[in-house]
Amino acid sequence: MDKFLLQQQVLDRLAEDLLQVEQAVRVAHETATHEENIAENKYDTLGLEAAYLATGQARRAAAIRQAMANWRQFRPSPYDPSIGIQIGALVCLVDSDDKQQYLFLGPDGGSMKLVSDGQLVQVISSEAPLGRAVLGKCEGDEVSIQGAPIRQQFEVLRVH
């Protein structure tokens with residue numbers, strides 16, 4: 001799997017998300033400012049609610065723009081076994097049922113699932129619980145995280 005292609009897929013998906021959010025901002029703003037939505041009494045809150053929605057969507061758009069900037073500046077480096085897994089690593093984990101999963105550790109804001117070379121890849125940041133758990137680990141190391149009802153155990157199978 002090519003980490004740079006994964007990075008481009010993340011940027012493409014973030015760009016799609018940004019377009020959708022910007023459209024939602026426009027719709028909410030138009031609703032909030034439309035003359036038919038001027039409050040006629042204190043219980044008439046459609047315009048106010050649309051304004052709150054527009055503000056929230058604008059914040060989401062700003063967060064996506066920041067994530068895109070982080071991902072554009074991101075340069076995945078090759079895996080160095082002497083320091084273990086770091087941001088930029090592509091990690092293959094295996095659980096107790098021998099089920100494998102791929103993780104790509106990147107900057108904040110890119111949490112998503114992608115397909116690369118026919119494999120599902122979970123993109124996570126080092127701030128995610130599993131991301132924190134794998135940092136500094138090497139091939140063959142055990143990783144565990146506490147989920148809501150159970151503790152999940154993994155082994156680091158491969159790192160690229």
# chains A, B, ... in the order shown; residues from 1 in each chain; ligands from 1
>>> residues_around(residues="His34 in chain A", least_positions_apart="6", cutoff="12 Å", atoms="only C-alpha atoms", output="compact mmCIF listing (two decimals) with N, CA and C atoms, in the first residue's frame")
# COMPACT_ATOMS: atom_id res chain seq x y z
N ARG A 26 -24.53 27.63 3.41
CA ARG A 26 -25.28 28.55 2.56
C ARG A 26 -26.79 28.39 2.78
N VAL A 27 -27.26 27.15 2.81
CA VAL A 27 -28.69 26.89 2.98
C VAL A 27 -29.16 27.41 4.35
N ALA A 28 -28.40 27.10 5.39
CA ALA A 28 -28.79 27.55 6.73
C ALA A 28 -28.76 29.07 6.83
N LEU A 46 -37.68 29.82 14.09
CA LEU A 46 -37.07 29.18 12.93
C LEU A 46 -35.82 29.92 12.46
N GLY A 47 -35.88 31.22 12.35
CA GLY A 47 -34.72 32.00 11.91
C GLY A 47 -33.56 31.87 12.88
N LEU A 48 -33.85 31.93 14.17
CA LEU A 48 -32.82 31.79 15.19
C LEU A 48 -32.17 30.42 15.14
N ALA A 50 -31.99 28.42 12.57
CA ALA A 50 -31.19 28.34 11.35
C ALA A 50 -29.87 29.09 11.51
N ALA A 51 -29.89 30.20 12.25
CA ALA A 51 -28.65 30.94 12.50
C ALA A 51 -27.68 30.11 13.34
>>> residues_around(residues="range 95-108 of chain A", least_positions_apart="4", cutoff="7 Å", atoms="only C-alpha atoms", output="list in words")
Ala67, Asn70, Trp71, Ile87, Gly88, Ala89, Leu90, Val91, Leu120, Val121, Gln122, Val123, Ile124, Ser125, Ser126, Gly131, Gln153, Phe154 and Glu155 of chain A
>>> residues_around(residues="Lys137 in chain A", least_positions_apart="3", cutoff="6 Å", atoms="only C-alpha atoms", output="MDAnalysis selection string")
chainID A and resid 84:85 134
>>> write_last_selection(atoms="C-alpha atoms", output="compact mmCIF listing (two decimals), in the first residue's frame")
# COMPACT_ATOMS: atom_id res chain seq x y z
CA GLY A 84 8.68 2.17 16.88
CA ILE A 85 5.40 3.24 15.37
CA VAL A 134 0.24 1.70 19.07
>>> select_by_dssp(residues="chain A", states="alpha helix (DSSP H)", output="ChimeraX atom specification")
/A:3-33,46-73,129-134
>>> closest_residue(among="A:Glu127, A:Glu49, A:Glu22, A:Glu40", to="Gly110 in chain A", atoms="only C-alpha atoms")
A:Glu127
